[in-house]
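Engineer: My structure file model-v8.json, JSON, C-alpha atoms, is below:
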[["chain", "number", "residue", "atom", "x", "y", "z"],
["A", 93, "MET", "CA", -25.66, 2.01, -28.39],
["A", 94, "THR", "CA", -23.43, -0.80, -29.65],
["A", 95, "ILE", "CA", -20.15, -0.65, -31.50],
["A", 96, "SER", "CA", -17.81, -3.32, -32.86],
["A", 97, "LEU", "CA", -14.08, -3.14, -32.21],
["A", 98, "LYS", "CA", -11.26, -5.36, -33.46],
["A", 99, "THR", "CA", -9.08, -6.98, -30.79],
["A", 100, "PRO", "CA", -6.32, -9.60, -30.97],
["A", 101, "LEU", "CA", -8.94, -12.19, -29.94],
["A", 102, "GLY", "CA", -11.64, -11.24, -32.42],
["A", 103, "ILE", "CA", -14.41, -8.72, -32.70],
["A", 104, "CYS", "CA", -15.55, -7.15, -29.43],
["A", 105, "GLU", "CA", -19.00, -5.62, -29.13],
["A", 106, "ILE", "CA", -19.50, -2.89, -26.55],
["A", 107, "THR", "CA", -23.00, -1.82, -25.52],
["A", 108, "GLY", "CA", -23.85, 1.02, -23.20],
["A", 109, "ASP", "CA", -25.69, 4.25, -22.58],
["A", 110, "GLU", "CA", -25.70, 7.14, -20.13],
["A", 111, "ASP", "CA", -26.21, 4.67, -17.26],
["A", 112, "GLY", "CA", -22.97, 2.84, -18.06],
["A", 113, "ILE", "CA", -21.54, -0.06, -20.01],
["A", 114, "SER", "CA", -24.01, -2.94, -19.93],
["A", 115, "GLU", "CA", -22.24, -5.48, -22.12],
["A", 116, "ILE", "CA", -18.85, -6.23, -23.58],
["A", 117, "ARG", "CA", -18.61, -9.49, -25.44],
["A", 118, "ILE", "CA", -16.43, -11.27, -27.94],
["A", 119, "VAL", "CA", -18.17, -12.60, -31.04],
["A", 120, "ASP", "CA", -17.04, -15.30, -33.41],
["A", 121, "GLU", "CA", -19.11, -14.10, -36.34],
["A", 122, "GLU", "CA", -17.77, -11.47, -38.70],
["A", 123, "ARG", "CA", -19.00, -7.98, -37.89],
["A", 124, "GLU", "CA", -18.59, -4.70, -39.64],
["A", 125, "LEU", "CA", -16.31, -2.56, -37.53],
["A", 126, "SER", "CA", -17.71, 0.73, -36.31],
["A", 127, "ASP", "CA", -16.59, 3.81, -38.22],
["A", 128, "SER", "CA", -17.33, 6.15, -35.37],
["A", 129, "VAL", "CA", -17.70, 5.71, -31.65],
["A", 130, "PRO", "CA", -20.46, 7.45, -29.69],
["A", 131, "GLU", "CA", -18.97, 9.71, -27.03],
["A", 132, "ILE", "CA", -20.48, 7.61, -24.24],
["A", 133, "LEU", "CA", -18.50, 4.53, -25.40],
["A", 134, "ILE", "CA", -15.14, 6.24, -26.03],
["A", 135, "PRO", "CA", -13.73, 5.49, -22.53],
["A", 136, "ALA", "CA", -14.52, 1.78, -22.96],
["A", 137, "VAL", "CA", -12.89, 1.65, -26.39],
["A", 138, "LYS", "CA", -9.78, 3.48, -25.17],
["A", 139, "GLN", "CA", -9.42, 1.28, -22.10],
["A", 140, "ILE", "CA", -9.90, -1.99, -23.99],
["A", 141, "GLU", "CA", -7.33, -0.92, -26.57],
["A", 142, "ALA", "CA", -4.90, 0.07, -23.79],
["A", 143, "TYR", "CA", -5.47, -3.31, -22.08],
["A", 144, "PHE", "CA", -4.50, -5.17, -25.24],
["A", 145, "ARG", "CA", -1.42, -2.96, -25.71],
["A", 146, "GLY", "CA", -0.36, -3.97, -22.19],
["A", 147, "GLU", "CA", -0.79, -0.42, -20.85],
["A", 148, "LEU", "CA", -3.84, -0.95, -18.61],
["A", 149, "LYS", "CA", -4.30, -3.29, -15.68],
["A", 150, "ASP", "CA", -7.43, -1.90, -14.02],
["A", 151, "PHE", "CA", -10.54, -0.68, -15.79],
["A", 152, "SER", "CA", -12.28, 2.43, -14.51],
["A", 153, "LEU", "CA", -15.56, 2.46, -16.40],
["A", 154, "LYS", "CA", -19.08, 3.26, -15.33],
["A", 155, "LEU", "CA", -20.69, -0.19, -15.43],
["A", 156, "ASN", "CA", -24.34, -1.15, -15.59],
["A", 157, "PRO", "CA", -24.58, -4.91, -16.07],
["A", 158, "GLU", "CA", -27.93, -6.65, -15.80],
["A", 159, "GLY", "CA", -28.04, -9.51, -13.34],
["A", 160, "THR", "CA", -29.43, -10.83, -10.10],
["A", 161, "PRO", "CA", -28.13, -9.48, -6.78],
["A", 162, "PHE", "CA", -26.15, -12.73, -6.31],
["A", 163, "GLN", "CA", -24.61, -12.49, -9.78],
["A", 164, "LYS", "CA", -23.61, -8.88, -9.13],
["A", 165, "THR", "CA", -21.98, -9.93, -5.86],
["A", 166, "VAL", "CA", -19.98, -12.62, -7.66],
["A", 167, "TRP", "CA", -19.02, -10.20, -10.44],
["A", 168, "GLN", "CA", -17.79, -7.70, -7.87],
["A", 169, "SER", "CA", -15.63, -10.38, -6.27],
["A", 170, "LEU", "CA", -14.18, -11.21, -9.71],
["A", 171, "ARG", "CA", -13.16, -7.56, -10.09],
["A", 172, "GLU", "CA", -11.09, -7.95, -6.93],
["A", 173, "ILE", "CA", -8.84, -10.63, -8.48],
["A", 174, "PRO", "CA", -5.61, -8.73, -9.20],
["A", 175, "PHE", "CA", -4.24, -8.40, -12.72],
["A", 176, "GLY", "CA", -1.90, -11.30, -13.47],
["A", 177, "LYS", "CA", -3.36, -13.49, -10.71],
["A", 178, "THR", "CA", -5.97, -16.24, -10.66],
["A", 179, "ASN", "CA", -8.49, -17.58, -8.19],
["A", 180, "SER", "CA", -10.66, -20.69, -8.01],
["A", 181, "TYR", "CA", -14.42, -21.04, -7.84],
["A", 182, "MET", "CA", -13.94, -22.62, -4.40],
["A", 183, "GLU", "CA", -11.94, -19.63, -3.11],
["A", 184, "ILE", "CA", -14.51, -17.18, -4.44],
["A", 185, "SER", "CA", -17.29, -19.19, -2.76],
["A", 186, "LYS", "CA", -15.37, -19.14, 0.52],
["A", 187, "ASN", "CA", -14.71, -15.40, 0.24],
["A", 188, "LEU", "CA", -18.43, -14.82, -0.27],
["A", 189, "GLY", "CA", -19.21, -16.94, 2.80],
["A", 190, "ALA", "CA", -21.09, -19.42, 0.63],
["A", 191, "VAL", "CA", -18.84, -22.49, 0.44],
["A", 192, "LYS", "CA", -21.70, -24.71, -0.73],
["A", 193, "ALA", "CA", -22.61, -22.27, -3.49],
["A", 194, "ILE", "CA", -19.68, -23.20, -5.71],
["A", 195, "ARG", "CA", -21.96, -24.20, -8.61],
["A", 196, "ALA", "CA", -23.95, -20.98, -8.27],
["A", 197, "VAL", "CA", -20.70, -19.01, -8.29],
["A", 198, "ALA", "CA", -19.58, -20.85, -11.41],
["A", 199, "ALA", "CA", -22.95, -20.19, -13.07],
["A", 200, "ALA", "CA", -22.77, -16.48, -12.22],
["A", 201, "ASN", "CA", -19.22, -16.39, -13.58],
["A", 202, "GLY", "CA", -20.49, -17.89, -16.83],
["A", 203, "LYS", "CA", -23.17, -15.18, -17.13],
["A", 204, "ASN", "CA", -20.65, -12.35, -16.87],
["A", 205, "PRO", "CA", -21.77, -9.71, -19.39],
["A", 206, "LEU", "CA", -18.59, -7.61, -19.26],
["A", 207, "TRP", "CA", -15.79, -9.52, -20.98],
["A", 208, "ILE", "CA", -12.32, -8.68, -19.65],
["A", 209, "VAL", "CA", -13.57, -5.76, -17.50],
["A", 210, "ILE", "CA", -15.06, -8.28, -15.06],
["A", 211, "PRO", "CA", -12.16, -10.74, -15.31],
["A", 212, "CYS", "CA", -13.92, -14.09, -15.27],
["A", 213, "HIS", "CA", -10.96, -15.42, -17.28],
["A", 214, "ARG", "CA", -8.94, -15.26, -14.04],
["A", 215, "VAL", "CA", -11.01, -18.04, -12.47],
["A", 216, "ILE", "CA", -9.49, -21.50, -12.76],
["A", 217, "GLY", "CA", -10.14, -24.90, -11.25],
["A", 218, "SER", "CA", -9.00, -25.65, -7.69],
["A", 219, "ASP", "CA", -6.34, -27.93, -9.19],
["A", 220, "GLY", "CA", -4.96, -25.08, -11.32],
["A", 221, "SER", "CA", -6.54, -26.29, -14.54],
["A", 222, "LEU", "CA", -8.31, -24.16, -17.09],
["A", 223, "THR", "CA", -12.05, -24.54, -16.81],
["A", 224, "GLY", "CA", -14.94, -23.53, -19.03],
["A", 225, "TYR", "CA", -14.91, -20.13, -20.65],
["A", 226, "ALA", "CA", -17.70, -18.73, -22.81],
["A", 227, "GLY", "CA", -15.19, -17.21, -25.23],
["A", 228, "GLY", "CA", -13.31, -20.49, -25.65],
["A", 229, "LEU", "CA", -10.44, -21.90, -23.61],
["A", 230, "TRP", "CA", -7.90, -20.69, -26.16],
["A", 231, "ARG", "CA", -8.96, -17.10, -25.43],
["A", 232, "LYS", "CA", -8.81, -17.69, -21.68],
["A", 233, "LYS", "CA", -5.29, -19.07, -22.02],
["A", 234, "TRP", "CA", -4.28, -16.09, -24.19],
["A", 235, "LEU", "CA", -5.67, -13.58, -21.68],
["A", 236, "LEU", "CA", -3.94, -15.24, -18.72],
["A", 237, "GLU", "CA", -0.62, -15.30, -20.60],
["A", 238, "HIS", "CA", -1.13, -11.66, -21.67],
["A", 239, "GLU", "CA", -1.59, -10.66, -18.04],
["A", 240, "ASN", "CA", 1.28, -12.75, -16.72],
["A", 241, "PRO", "CA", 3.78, -13.40, -19.53],
["A", 242, "SER", "CA", 6.55, -14.36, -17.12],
["A", 243, "SER", "CA", 4.54, -17.23, -15.66],
["A", 244, "GLN", "CA", 6.31, -20.52, -16.13],
["A", 245, "GLN", "CA", 3.25, -22.49, -15.03],
["A", 246, "SER", "CA", 1.61, -24.42, -17.82],
["A", 247, "LEU", "CA", -2.16, -24.12, -17.69],
["A", 248, "PHE", "CA", -2.74, -27.40, -19.52]]
Show me this structure written as structure tokens.

Structural biologist:
Amino acid sequence: MTISLKTPLGICEITGDEDGISEIRIVDEERELSDSVPEILIPAVKQIEAYFRGELKDFSLKLNPEGTPFQKTVWQSLREIPFGKTNSYMEISKNLGAVKAIRAVAAANGKNPLWIVIPCHRVIGSDGSLTGYAGGLWRKKWLLEHENPSSQQSLF
């Protein structure tokens, strides 16, 4: 089941079934918004809306993303980055005990199928710069500022 939901950053598509949420993505194309939400997707809709209202910092959804074991390991490490904080690809690689796998970590980050819930937007360059983001760097910047509005650090 897939529904379309309006967010401050555009239309969000949420896909899932009884096994969990398999995909949450932002789309640039116009979509018809869903009139009704299947019961299985209601928790995801409520939590995403609460996140954008500034009322939710940690998602508690049943997730079922498709990916390789390595990708799933990277995605789990991304979920450990606290709300309002950032980490670098290098630090994630070190934490996984795979310092030389920085490119593989970056590639897994880029394949993240669960926008915002797996916070790949919290990963920045080792020098503190914004780095690639599938949803566009402007969205990444918005999300980081949403999570840490008191930050005086310029990301550009």

Engineer: Check which residues of region 196-245 of chain A sit at most 9 Å from region 159-178 of chain A using only C-alpha atoms, and return one row each with the closest pair of atoms and their distance in Å to one decimal, ordered by chain and rising number, as a tab-separated table.

Structural biologist:
residue	atom	partner	partner_atom	distance
A:Ala196	CA	A:Gln163	CA	8.6
A:Val197	CA	A:Val166	CA	6.5
A:Ala199	CA	A:Gln163	CA	8.5
A:Ala200	CA	A:Gln163	CA	5.0
A:Asn201	CA	A:Trp167	CA	6.9
A:Lys203	CA	A:Gln163	CA	8.0
A:Asn204	CA	A:Trp167	CA	7.0
A:Pro205	CA	A:Gly159	CA	8.7
A:Val209	CA	A:Arg171	CA	7.6
A:Ile210	CA	A:Arg171	CA	5.4
A:Pro211	CA	A:Leu170	CA	6.0
A:Cys212	CA	A:Leu170	CA	6.3
A:His213	CA	A:Thr178	CA	8.3
A:Arg214	CA	A:Thr178	CA	4.6
A:Val215	CA	A:Thr178	CA	5.6
A:Ile216	CA	A:Thr178	CA	6.7
A:Gly220	CA	A:Thr178	CA	8.9
A:Leu236	CA	A:Gly176	CA	6.9
A:Glu237	CA	A:Gly176	CA	8.3
A:His238	CA	A:Gly176	CA	8.2
A:Glu239	CA	A:Gly176	CA	4.6
A:Asn240	CA	A:Gly176	CA	4.8
A:Pro241	CA	A:Gly176	CA	8.6

Engineer: Considering only C-alpha atoms, return as a PyMOL selection string whatever protein or nucleic-acid residues lie within 10 Å of region 94-101 of chain A, sequence-local ones (same chain, fewer than 6 positions apart) excluded.

Structural biologist: chain A and resi 107-109+113-120+123-130+133+137+140-141+144-145+227+230-232+234-235

Engineer: I'd like the interatomic distance between CA of Ile103 (chain A) and CA of Ser221 (chain A), to a tenth of an Å.

Structural biologist: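 Answer for the CA of Ile103 (chain A) to CA of Ser221 (chain A) separation: 26.5 Å.
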
Engineer: Box along x, y and z, 5 Å on every side, all listed atoms of region 213-219 of chain A inside: centre and edge lengths in Å to one decimal, as lines of an AutoDock Vina configuration file.

Structural biologist:
center_x = -8.7
center_y = -21.6
center_z = -12.5
size_x = 14.7
size_y = 22.7
size_z = 19.6

Engineer: Applying 9 Å and only C-alpha atoms, which residues near Ser152 (chain A) remain after dropping the ones on its own chain fewer than 5 positions away? List them as a PyMOL selection string.

Structural biologist: chain A and resi 135-136+139+209

Engineer: For the residues in the current selection, export C-alpha atoms as an mmCIF file, in the coordinates of the input.

Structural biologist:
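Writing the result to selection-v4.cif gives the following:
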data_model
loop_
_atom_site.group_PDB
_atom_site.id
_atom_site.type_symbol
_atom_site.label_atom_id
_atom_site.label_comp_id
_atom_site.auth_asym_id
_atom_site.auth_seq_id
_atom_site.Cartn_x
_atom_site.Cartn_y
_atom_site.Cartn_z
ATOM 1 C CA PRO A 135 -13.730 5.490 -22.530
ATOM 2 C CA ALA A 136 -14.520 1.780 -22.960
ATOM 3 C CA GLN A 139 -9.420 1.280 -22.100
ATOM 4 C CA VAL A 209 -13.570 -5.760 -17.500
#

Engineer: Go ahead and compute the interatomic distance for CA of Met93 (chain A) and CA of Leu155 (chain A), in Å to one decimal.

Structural biologist: 14.1 Å

Engineer: Hey, can you check how far CA of Ile208 (chain A) sits from CA of Ala190 (chain A)?

Structural biologist: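 Those two atoms sit 24.6 Å apart.
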